[in-house]
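Shown next: data-v1.txt, containing compact mmCIF, C-alpha atoms.
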```txt
# COMPACT_ATOMS: atom_id res chain seq x y z
CA MET A 26 71.59 75.97 84.30
CA ASN A 27 71.98 72.64 82.53
CA ASN A 28 73.80 70.15 84.72
CA SER A 29 76.91 70.29 82.58
CA GLN A 30 79.97 71.65 84.37
CA LEU A 31 80.83 73.41 81.11
CA TYR A 32 77.83 75.71 81.50
CA LYS A 33 78.28 76.14 85.26
CA GLY A 34 81.83 77.36 84.80
CA SER A 35 80.70 79.93 82.26
CA LEU A 36 77.72 81.37 84.17
CA THR A 37 79.41 84.61 85.27
CA THR A 38 80.72 85.21 81.74
CA ILE A 39 77.21 84.68 80.36
CA ILE A 40 75.78 87.16 82.90
CA LEU A 41 78.40 89.79 82.06
CA LYS A 42 77.83 89.38 78.32
CA LEU A 43 74.03 89.58 78.72
CA LEU A 44 74.31 92.80 80.70
CA GLU A 45 76.83 94.28 78.32
CA GLU A 46 74.44 93.71 75.41
CA ASN A 47 71.11 94.48 77.07
CA GLY A 48 71.89 97.22 79.59
CA ARG A 49 70.22 96.74 82.97
CA MET A 50 68.39 93.47 83.64
CA TYR A 51 66.82 91.66 86.60
CA GLY A 52 67.40 88.02 87.56
CA TYR A 53 64.24 86.50 86.11
CA GLU A 54 64.69 88.47 82.90
CA MET A 55 68.14 86.90 82.46
CA THR A 56 66.75 83.37 82.81
CA ARG A 57 64.10 84.15 80.17
CA LYS A 58 66.61 85.72 77.84
CA VAL A 59 68.95 82.73 77.96
CA LYS A 60 66.05 80.33 77.32
CA GLU A 61 64.85 82.47 74.44
CA MET A 62 68.31 82.81 72.85
CA THR A 63 69.00 79.07 73.03
CA VAL A 64 65.44 78.03 72.11
CA ASP A 65 64.91 76.37 75.52
CA GLU A 66 68.15 74.38 75.23
CA VAL A 67 69.88 76.12 78.14
CA THR A 68 68.11 76.89 81.41
CA ILE A 69 69.79 78.91 84.13
CA ASN A 70 69.31 77.41 87.58
CA GLU A 71 68.04 80.14 89.92
CA GLY A 72 69.97 78.62 92.81
CA ALA A 73 73.19 79.35 90.91
CA LEU A 74 72.16 82.61 89.23
CA TYR A 75 71.61 84.76 92.32
CA PRO A 76 74.83 83.76 94.15
CA ALA A 77 76.72 84.52 90.92
CA LEU A 78 75.04 87.93 90.62
CA HIS A 79 75.81 88.75 94.26
CA ARG A 80 79.42 87.71 93.79
CA LEU A 81 79.83 89.89 90.71
CA GLU A 82 78.21 92.79 92.57
CA ALA A 83 80.64 92.33 95.50
CA GLU A 84 83.56 92.31 93.07
CA GLY A 85 82.43 95.69 91.75
CA LEU A 86 81.68 94.30 88.28
CA LEU A 87 77.96 95.03 88.58
CA THR A 88 76.00 97.89 90.04
CA VAL A 89 72.44 97.60 91.37
CA GLU A 90 69.28 99.65 91.43
CA VAL A 91 66.00 98.78 93.19
CA VAL A 92 62.85 100.17 91.58
CA PRO A 93 59.12 99.59 92.11
CA ALA A 94 57.54 97.17 89.61
CA GLY A 95 53.78 97.17 90.19
CA ASN A 96 53.10 95.94 93.72
CA ARG A 97 56.65 94.76 94.38
CA LEU A 98 60.26 95.90 94.18
CA ARG A 99 62.66 94.81 91.47
CA LYS A 100 66.44 94.70 91.65
CA TYR A 101 68.17 95.59 88.41
CA TYR A 102 71.79 94.83 87.63
CA ALA A 103 73.98 96.81 85.25
CA ILE A 104 77.58 96.39 84.23
CA THR A 105 80.25 98.76 85.57
CA PRO A 106 83.27 99.97 83.54
CA LYS A 107 85.38 97.47 85.51
CA GLY A 108 82.83 94.80 84.53
CA GLN A 109 83.14 95.72 80.86
CA THR A 110 86.89 95.25 80.96
CA GLU A 111 86.41 91.95 82.78
CA THR A 112 83.88 90.79 80.15
CA VAL A 113 86.40 91.33 77.36
CA SER A 114 89.05 89.36 79.22
CA ARG A 115 86.69 86.52 80.20
CA LEU A 116 85.33 86.21 76.67
CA ALA A 117 88.85 86.05 75.28
CA GLU A 118 89.65 83.35 77.85
CA LEU A 119 86.54 81.40 76.87
CA GLU A 120 87.29 81.66 73.16
CA GLU A 121 90.80 80.43 73.78
CA PHE A 122 89.41 77.51 75.78
CA ILE A 123 87.05 76.59 72.92
CA ARG A 124 89.92 76.80 70.43
CA HIS A 125 92.04 74.49 72.56
CA MET A 126 89.17 72.04 72.91
CA GLN A 127 88.73 72.10 69.17
CA ILE A 128 92.38 71.20 68.70
CA LEU A 129 92.24 68.48 71.33
CA LEU A 130 88.93 66.89 70.42
CA GLY A 131 89.04 67.09 66.65
CA PRO A 132 88.08 69.34 63.80
CA LYS A 133 84.35 68.52 63.87
CA ILE A 134 83.53 70.97 66.69
CA ALA A 135 83.10 74.39 65.16
CA LEU A 136 83.22 77.77 66.80
CA SER A 137 79.80 79.37 66.62
CA MET B 8 53.79 84.67 74.28
CA LEU B 9 50.88 84.93 76.72
CA THR B 10 50.61 88.10 78.76
CA PRO B 11 50.73 87.16 82.43
CA THR B 12 48.21 88.60 84.89
CA PRO B 13 50.03 90.40 87.72
CA LEU B 14 49.72 88.80 91.15
CA THR B 15 47.55 90.53 93.73
CA ASP B 16 48.88 92.28 96.85
CA THR B 17 47.68 89.31 98.94
CA GLN B 18 49.63 86.88 96.77
CA ILE B 19 52.78 89.04 96.99
CA HIS B 20 52.34 89.09 100.77
CA ALA B 21 52.01 85.28 100.68
CA LEU B 22 55.28 85.09 98.74
CA PHE B 23 57.06 87.17 101.40
CA GLN B 24 55.70 84.82 104.06
CA PHE B 25 56.82 81.82 102.03
CA VAL B 26 60.35 83.18 101.60
CA LYS B 27 60.57 84.05 105.31
CA SER B 28 59.40 80.53 106.22
CA LYS B 29 62.41 79.21 104.27
CA TYR B 30 64.82 81.05 106.60
CA VAL B 31 65.50 84.05 104.39
CA ASP B 32 65.82 86.70 107.10
CA PHE B 33 67.32 89.52 105.07
CA TYR B 34 64.89 91.95 103.51
CA ASP B 35 67.14 92.68 100.50
CA VAL B 36 67.30 88.96 99.65
CA GLN B 37 63.55 88.58 100.27
CA VAL B 38 62.77 91.42 97.84
CA GLU B 39 64.81 89.84 95.06
CA LEU B 40 63.48 86.32 95.60
CA VAL B 41 59.86 87.49 95.85
CA ASP B 42 60.18 89.33 92.55
CA HIS B 43 61.69 86.26 90.92
CA LEU B 44 59.03 83.91 92.31
CA ALA B 45 56.23 86.34 91.38
CA SER B 46 57.48 86.77 87.80
CA GLU B 47 57.80 83.04 87.23
CA VAL B 48 54.54 82.16 88.99
CA GLU B 49 52.74 84.71 86.80
CA GLN B 50 54.32 83.23 83.67
CA ARG B 51 53.46 79.65 84.59
CA MET B 52 49.87 80.53 85.50
CA ALA B 53 49.50 82.27 82.15
CA GLU B 54 50.94 79.31 80.24
CA THR B 55 48.96 76.64 82.11
CA PRO B 56 45.30 77.55 82.60
CA GLY B 57 43.93 75.97 85.75
CA LEU B 58 47.30 75.96 87.55
CA THR B 59 46.80 77.37 91.03
CA PHE B 60 49.02 79.98 92.69
CA ASP B 61 50.24 77.43 95.25
CA GLY B 62 50.88 74.81 92.58
CA ALA B 63 52.89 77.24 90.47
CA LEU B 64 54.84 78.39 93.53
CA GLN B 65 55.87 74.84 94.41
CA GLN B 66 57.00 74.25 90.82
CA VAL B 67 59.10 77.42 90.83
CA TYR B 68 60.61 76.68 94.24
CA ARG B 69 61.78 73.28 92.98
CA GLY B 70 63.86 75.17 90.40
CA PHE B 71 66.11 76.37 93.24
CA GLY B 72 67.34 72.82 93.78
CA ILE B 73 67.35 70.57 96.85
CA PHE B 74 68.82 73.23 99.14
CA GLY B 75 66.14 75.77 98.23
CA PHE B 76 67.17 79.31 99.14
CA LEU B 77 69.93 78.16 101.50
CA ASP B 78 72.71 78.54 98.92
CA VAL B 79 71.46 81.97 97.90
CA VAL B 80 71.47 83.21 101.53
CA GLU B 81 74.81 81.66 102.45
CA GLN B 82 76.61 82.92 99.39
CA LYS B 83 75.01 86.34 99.75
CA GLN B 84 76.58 86.62 103.21
CA THR B 85 79.99 85.62 101.84
CA ALA B 86 79.64 88.15 99.01
CA VAL B 87 78.57 90.92 101.42
CA MET B 88 81.51 90.20 103.72
CA HIS B 89 83.86 90.41 100.76
CA ARG B 90 82.24 93.66 99.58
CA ASN B 91 82.43 95.23 103.06
CA GLN B 92 86.11 94.36 103.36
CA LYS B 93 86.76 95.98 99.99
CA LEU B 94 84.75 99.05 101.00
CA TRP B 95 86.80 99.38 104.21
CA TRP B 96 90.06 98.98 102.29
CA VAL B 97 89.02 101.73 99.83
CA HIS B 98 88.36 104.10 102.76
CA PHE B 99 91.54 103.07 104.53
CA LYS B 100 93.58 103.92 101.43
CA GLN B 101 91.74 107.26 101.20
CA LEU B 102 93.26 108.19 104.57
CA PHE B 103 96.67 108.22 102.89
CA LYS B 104 95.59 110.48 100.03
CA LEU B 105 94.85 114.17 99.93
CA PRO B 106 92.93 115.72 101.62
CA MET B 107 92.51 112.95 104.27
CA ILE B 108 96.24 112.44 104.73
CA VAL B 109 96.39 115.85 106.44
CA GLY B 110 94.11 114.50 109.18
CA SER B 111 96.07 111.22 109.37
CA LEU B 112 99.36 113.06 109.85
CA LEU B 113 97.78 115.43 112.37
CA LEU B 114 96.55 112.42 114.33
CA ALA B 115 100.05 110.92 114.30
CA PHE B 116 101.46 114.23 115.52
CA VAL B 117 98.91 114.54 118.34
CA LEU B 118 99.71 111.00 119.49
CA TYR B 119 103.43 111.73 119.40
CA LEU B 120 102.95 114.98 121.27
CA GLY B 121 100.79 113.25 123.88
CA PHE B 122 103.38 110.55 124.38
CA LYS B 123 106.15 113.10 124.78
CA THR B 124 104.22 115.43 127.07
CA ILE B 125 102.58 113.08 129.53
CA ASP B 126 103.88 110.03 131.33
CA GLY B 127 104.06 106.95 129.05
CA ASN B 128 101.90 104.82 131.39
CA ILE B 129 99.18 107.43 131.54
CA PHE B 130 99.37 107.95 127.78
CA VAL B 131 98.77 104.31 126.78
CA ILE B 132 96.01 103.90 129.37
CA THR B 133 94.29 107.12 128.24
CA ASN B 134 94.70 106.14 124.58
CA GLY B 135 93.18 102.71 125.26
CA ILE B 136 90.26 104.20 127.20
CA LEU B 137 89.63 106.77 124.45
CA ALA B 138 89.68 104.06 121.76
CA PHE B 139 87.24 101.98 123.77
CA ALA B 140 85.03 105.06 124.22
CA ALA B 141 85.22 105.68 120.45
CA TYR B 142 84.02 102.12 119.90
CA ILE B 143 81.08 102.59 122.29
CA VAL B 144 80.14 105.94 120.68
CA SER B 145 80.36 104.51 117.15
CA PHE B 146 78.35 101.46 118.27
CA PHE B 147 75.45 103.71 119.36
CA HIS B 148 75.96 105.95 116.33
CA PHE B 149 75.57 102.92 114.03
CA LYS B 150 72.74 101.48 116.10
CA GLU B 151 70.65 104.60 115.53
CA LYS B 152 71.21 104.40 111.80
CA LEU B 153 70.40 100.70 111.38
CA PRO B 154 67.29 99.63 109.46
CA GLN B 155 64.14 98.65 111.34
CA LYS B 156 64.18 95.21 112.99
CA GLU B 157 61.64 93.71 110.57
CA TYR B 158 63.76 94.88 107.61
CA GLN B 159 67.17 93.39 108.34
CA LEU B 160 69.64 93.96 105.52
CA SER B 161 72.49 91.60 104.77
CA SER B 162 75.06 94.43 104.68
CA PHE B 163 74.64 95.36 108.33
CA LYS B 164 76.32 92.45 110.02
CA TYR B 165 79.74 93.90 110.55
CA ASP B 166 81.22 96.52 112.86
CA LYS B 167 84.32 94.37 113.22
CA PHE B 168 86.78 96.94 111.87
CA VAL B 169 85.95 99.50 114.55
CA TYR B 170 86.02 96.72 117.13
CA PHE B 171 89.42 95.54 115.90
CA GLY B 172 90.87 99.07 115.87
CA ALA B 173 89.74 99.68 119.46
CA GLY B 174 91.12 96.27 120.44
CA LEU B 175 94.49 97.09 118.93
CA ASN B 176 94.71 100.30 120.96
CA LEU B 177 93.66 98.55 124.15
CA TYR B 178 96.27 95.90 123.52
CA GLN B 179 98.98 98.57 123.65
CA ILE B 180 98.33 98.98 127.40
CA TYR B 181 99.34 95.37 127.89
CA ASN B 182 102.21 95.79 125.43
CA PHE B 183 103.52 98.83 127.28
CA PHE B 184 103.41 97.22 130.70
CA LEU B 185 104.87 94.01 129.34
CA ARG B 186 107.83 96.05 128.14
CA GLU B 187 108.37 97.66 131.55
CA ALA B 188 107.50 94.74 133.79
CA LEU B 189 108.88 91.76 131.93
CA ILE B 190 111.46 92.93 129.45
CA GLY B 191 112.73 96.02 131.20
CA PHE B 192 113.47 97.49 127.81
CA ASP B 193 112.90 101.18 127.35
CA GLY B 194 114.42 101.94 123.99
CA PRO B 195 113.07 104.24 121.28
CA THR B 196 112.16 101.21 119.12
CA TRP B 197 109.44 100.23 121.59
CA THR B 198 108.15 103.78 121.69
CA ILE B 199 107.95 103.93 117.91
CA ILE B 200 106.27 100.52 117.67
CA ILE B 201 103.69 101.32 120.36
CA LEU B 202 102.96 104.76 118.95
CA SER B 203 102.66 103.35 115.42
CA LEU B 204 100.29 100.64 116.57
CA CYS B 205 98.15 103.18 118.47
CA TRP B 206 98.01 105.33 115.34
CA LEU B 207 97.16 102.29 113.18
CA GLY B 208 94.39 101.38 115.63
CA TRP B 209 92.84 104.83 115.25
CA MET B 210 93.19 104.68 111.46
CA ILE B 211 91.38 101.32 111.41
CA ILE B 212 88.57 102.78 113.54
CA TRP B 213 88.37 105.86 111.32
CA ALA B 214 88.20 103.85 108.06
CA GLY B 215 85.61 101.59 109.71
CA VAL B 216 83.36 104.52 110.56
CA LEU B 217 83.75 106.04 107.08
CA SER B 218 83.01 102.78 105.27
CA PHE B 219 80.01 102.04 107.49
CA ASP B 220 78.60 105.50 106.79
CA ALA B 221 79.12 105.01 103.05
CA MET B 222 77.34 101.67 103.25
CA ILE B 223 74.39 103.18 105.12
CA LYS B 224 74.07 105.88 102.46
CA ASP B 225 74.08 103.26 99.71
CA GLN B 226 71.56 100.98 101.44
CA ARG B 227 69.21 103.89 102.26
CA LYS B 228 69.11 104.72 98.57
CA LEU B 229 68.36 101.11 97.61
CA TYR B 230 65.87 100.22 100.38
CA PRO B 231 64.32 103.42 101.78
CA LEU B 232 61.42 101.46 103.27
CA ALA B 233 63.79 99.63 105.60
CA PHE B 234 64.81 102.95 107.18
CA ALA B 235 61.39 104.65 107.23
```

Reformat the file's structure so that it appears as structure tokens.
Amino acid sequence: MNNSQLYKGSLTTIILKLLEENGRMYGYEMTRKVKEMTVDEVTINEGALYPALHRLEAEGLLTVEVVPAGNRLRKYYAITPKGQTETVSRLAELEEFIRHMQILLGPKIALS
Amino acid sequence: MLTPTPLTDTQIHALFQFVKSKYVDFYDVQVELVDHLASEVEQRMAETPGLTFDGALQQVYRGFGIFGFLDVVEQKQTAVMHRNQKLWWVHFKQLFKLPMIVGSLLLAFVLYLGFKTIDGNIFVITNGILAFAAYIVSFFHFKEKLPQKEYQLSSFKYDKFVYFGAGLNLYQIYNFFLREALIGFDGPTWTIIILSLCWLGWMIIWAGVLSFDAMIKDQRKLYPLAFA
């Protein structure tokens, strides 16, 4: 992910939102999706993505499935009901953060 | 977007060797990293004609940062430890719900009956020996169910709950003799404490065995090749 701490702190929220919208996904697919959605502006660092996925899996927010993909195996992640609840709460937290930043830094920053 | 050409079996094998050479010992982590590397190498080779497999691989590996796969492996172990603790806790709590609570109460009753029927010294020694035997039996039980050596899985690093439960029961032998030899106190409080701790020790062992079995079931479903 871009070096900015702002993005790093939001990685798990981005993952949860991606999975909520797209159903099951695998790691590489997530990196492509983020690049595609932001027109190459945001790149997820693989060294941060997989630890974040493993952490979310351990917390019971994601469930996994390993399926053959050609001559190799592929690990898919999907969101659990607990993960869906967590996504709502994390997104609300993030929106609140953006609103506060907007107040603090001036009216020019708009919510997208 | 260009359609990537899938890597050959030999190239996938080379990726496994590459990942292993970077100290990724766990098969589950290897599988995920190999798929990631393969997908990105395929994409890069499709986008840049003339780029070799090795060249693309080095480019992709650089994307993991200066520590390479080290962070992924280390944090995977932390996450697995956290998950295993949660799994144990879920099974431990199950022992206090129906129908398992019947067995838990029965166990408490058997321990109480044993303590009342036989001499206290013999009881705590027998209980300790039985707990130790349970640990040995579960150790071999787990050993038989572990994945093959060349397919180590990150989940299978911990039998610490069973070990701790057995340790707690063994400790009661010392506790019991300490009471008699040093304190000279023979009140019902000590009896209740020692019996409760023995019971707790067995409950910890029991939850440990149940959670380990649940984990094996889950891992077998995910990585059948590792158990073939």

Between B:Gln92, B:Asn176, B:Gln155, B:Gln37, which has the minimum distance to Tyr75 of chain A (counting only C-alpha atoms)?
B:Gln37

Compute the set of chain B residues within 10 Å of chain A, using all atoms listed in the file, and express it as a ChimeraX atom specification.
/B:13-16,19-20,35-36,38-47,67-94,228-231

Keeping only C-alpha atoms, write the selected residues as an mmCIF file, keeping the file's coordinate frame.
```cif
data_model
loop_
_atom_site.group_PDB
_atom_site.id
_atom_site.type_symbol
_atom_site.label_atom_id
_atom_site.label_comp_id
_atom_site.auth_asym_id
_atom_site.auth_seq_id
_atom_site.Cartn_x
_atom_site.Cartn_y
_atom_site.Cartn_z
ATOM 1 C CA PRO B 13 50.030 90.400 87.720
ATOM 2 C CA LEU B 14 49.720 88.800 91.150
ATOM 3 C CA THR B 15 47.550 90.530 93.730
ATOM 4 C CA ASP B 16 48.880 92.280 96.850
ATOM 5 C CA ILE B 19 52.780 89.040 96.990
ATOM 6 C CA HIS B 20 52.340 89.090 100.770
ATOM 7 C CA ASP B 35 67.140 92.680 100.500
ATOM 8 C CA VAL B 36 67.300 88.960 99.650
ATOM 9 C CA VAL B 38 62.770 91.420 97.840
ATOM 10 C CA GLU B 39 64.810 89.840 95.060
ATOM 11 C CA LEU B 40 63.480 86.320 95.600
ATOM 12 C CA VAL B 41 59.860 87.490 95.850
ATOM 13 C CA ASP B 42 60.180 89.330 92.550
ATOM 14 C CA HIS B 43 61.690 86.260 90.920
ATOM 15 C CA LEU B 44 59.030 83.910 92.310
ATOM 16 C CA ALA B 45 56.230 86.340 91.380
ATOM 17 C CA SER B 46 57.480 86.770 87.800
ATOM 18 C CA GLU B 47 57.800 83.040 87.230
ATOM 19 C CA VAL B 67 59.100 77.420 90.830
ATOM 20 C CA TYR B 68 60.610 76.680 94.240
ATOM 21 C CA ARG B 69 61.780 73.280 92.980
ATOM 22 C CA GLY B 70 63.860 75.170 90.400
ATOM 23 C CA PHE B 71 66.110 76.370 93.240
ATOM 24 C CA GLY B 72 67.340 72.820 93.780
ATOM 25 C CA ILE B 73 67.350 70.570 96.850
ATOM 26 C CA PHE B 74 68.820 73.230 99.140
ATOM 27 C CA GLY B 75 66.140 75.770 98.230
ATOM 28 C CA PHE B 76 67.170 79.310 99.140
ATOM 29 C CA LEU B 77 69.930 78.160 101.500
ATOM 30 C CA ASP B 78 72.710 78.540 98.920
ATOM 31 C CA VAL B 79 71.460 81.970 97.900
ATOM 32 C CA VAL B 80 71.470 83.210 101.530
ATOM 33 C CA GLU B 81 74.810 81.660 102.450
ATOM 34 C CA GLN B 82 76.610 82.920 99.390
ATOM 35 C CA LYS B 83 75.010 86.340 99.750
ATOM 36 C CA GLN B 84 76.580 86.620 103.210
ATOM 37 C CA THR B 85 79.990 85.620 101.840
ATOM 38 C CA ALA B 86 79.640 88.150 99.010
ATOM 39 C CA VAL B 87 78.570 90.920 101.420
ATOM 40 C CA MET B 88 81.510 90.200 103.720
ATOM 41 C CA HIS B 89 83.860 90.410 100.760
ATOM 42 C CA ARG B 90 82.240 93.660 99.580
ATOM 43 C CA ASN B 91 82.430 95.230 103.060
ATOM 44 C CA GLN B 92 86.110 94.360 103.360
ATOM 45 C CA LYS B 93 86.760 95.980 99.990
ATOM 46 C CA LEU B 94 84.750 99.050 101.000
ATOM 47 C CA LYS B 228 69.110 104.720 98.570
ATOM 48 C CA LEU B 229 68.360 101.110 97.610
ATOM 49 C CA TYR B 230 65.870 100.220 100.380
ATOM 50 C CA PRO B 231 64.320 103.420 101.780
#
```

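Interatomic distance, atom CA of Phe219 of chain B against atom CA of Tyr158 of chain B: 17.8 Å.
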
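Between atom CA of Ile40 of chain A and atom CA of Ile123 of chain A lies a distance of 18.4 Å.
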
When you look at Tyr34 of chain B with a cut-off of 9 Å (counting only C-alpha atoms), what residues show up, excluding the ones that are within fewer than 6 positions of it in the same chain? I need them as a list in words.
Glu157, Tyr158, Gln159, Leu160, Ser161, Tyr230 and Ala233 of chain B

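In this model, the gap between atom CA of Asp220 of chain B and atom CA of Lys152 of chain B comes to 9.0 Å.
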
With 3 Å added on each side, what axis-aligned box encloses every listed atom of segment 29-47 of chain A? Give the centre and edge lengths in Å to one decimal, as AutoDock Vina command-line options.
```
--center_x 76.5 --center_y 82.4 --center_z 80.3 --size_x 16.7 --size_y 30.2 --size_z 15.9
```

Just the residues within 10 Å of Pro106 of chain A, please, counting only C-alpha atoms, with nothing from its chain fewer than 4 positions along; format it as an NGL selection string.
:A and (85-88 or 110-112)

Nearest to Pro93 of chain A: which of B:Leu232, B:Val26, B:Asp61, B:Leu207 is it, counting only C-alpha atoms?
B:Leu232

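Among the candidates B:Cys205, B:Met107, B:Met210, B:Val97, the residue lying nearest to Gly121 of chain B is B:Cys205 (atoms considered: all atoms listed in the file).
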
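Nearest residue to Ala214 of chain B, choosing from B:His98, B:Lys156, B:Lys150, B:Lys27 and counting only C-alpha atoms: B:His98.
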
Would you fill the gaps in segment 73-94 of chain B so it has N, CA and C atoms, then print it as a CSV table (one decimal), in the coordinates of the input?
```
chain,number,residue,atom,x,y,z
B,73,ILE,N,67.7,71.2,95.6
B,73,ILE,CA,67.4,70.6,96.8
B,73,ILE,C,67.6,71.4,98.1
B,74,PHE,N,68.5,72.4,98.0
B,74,PHE,CA,68.8,73.2,99.1
B,74,PHE,C,67.9,74.5,99.2
B,75,GLY,N,67.0,74.6,98.2
B,75,GLY,CA,66.1,75.8,98.2
B,75,GLY,C,66.9,77.1,98.2
B,76,PHE,N,66.5,78.0,99.1
B,76,PHE,CA,67.2,79.3,99.1
B,76,PHE,C,68.5,79.3,100.0
B,77,LEU,N,68.8,78.2,100.6
B,77,LEU,CA,69.9,78.2,101.5
B,77,LEU,C,71.2,78.6,100.9
B,78,ASP,N,71.5,78.2,99.6
B,78,ASP,CA,72.7,78.5,98.9
B,78,ASP,C,72.7,80.0,98.6
B,79,VAL,N,71.6,80.5,98.2
B,79,VAL,CA,71.5,82.0,97.9
B,79,VAL,C,71.8,82.8,99.1
B,80,VAL,N,71.2,82.5,100.3
B,80,VAL,CA,71.5,83.2,101.5
B,80,VAL,C,72.9,83.1,102.0
B,81,GLU,N,73.4,81.9,102.0
B,81,GLU,CA,74.8,81.7,102.4
B,81,GLU,C,75.8,82.4,101.6
B,82,GLN,N,75.6,82.3,100.3
B,82,GLN,CA,76.6,82.9,99.4
B,82,GLN,C,76.4,84.4,99.3
B,83,LYS,N,75.2,84.9,99.7
B,83,LYS,CA,75.0,86.3,99.8
B,83,LYS,C,75.8,86.9,100.9
B,84,GLN,N,75.8,86.2,102.0
B,84,GLN,CA,76.6,86.6,103.2
B,84,GLN,C,78.1,86.7,102.9
B,85,THR,N,78.6,85.6,102.2
B,85,THR,CA,80.0,85.6,101.8
B,85,THR,C,80.3,86.8,100.9
B,86,ALA,N,79.4,87.0,100.0
B,86,ALA,CA,79.6,88.2,99.0
B,86,ALA,C,79.6,89.5,99.7
B,87,VAL,N,78.7,89.7,100.7
B,87,VAL,CA,78.6,90.9,101.4
B,87,VAL,C,79.8,91.2,102.3
B,88,MET,N,80.3,90.1,102.9
B,88,MET,CA,81.5,90.2,103.7
B,88,MET,C,82.7,90.7,102.9
B,89,HIS,N,82.8,90.1,101.7
B,89,HIS,CA,83.9,90.4,100.8
B,89,HIS,C,83.7,91.9,100.3
B,90,ARG,N,82.5,92.3,100.0
B,90,ARG,CA,82.2,93.7,99.6
B,90,ARG,C,82.6,94.7,100.7
B,91,ASN,N,82.2,94.3,101.9
B,91,ASN,CA,82.4,95.2,103.1
B,91,ASN,C,83.9,95.4,103.3
B,92,GLN,N,84.7,94.3,103.2
B,92,GLN,CA,86.1,94.4,103.4
B,92,GLN,C,86.7,95.3,102.3
B,93,LYS,N,86.2,95.1,101.1
B,93,LYS,CA,86.8,96.0,100.0
B,93,LYS,C,86.4,97.4,100.2
B,94,LEU,N,85.2,97.7,100.7
B,94,LEU,CA,84.8,99.0,101.0
B,94,LEU,C,85.6,99.7,102.1
```
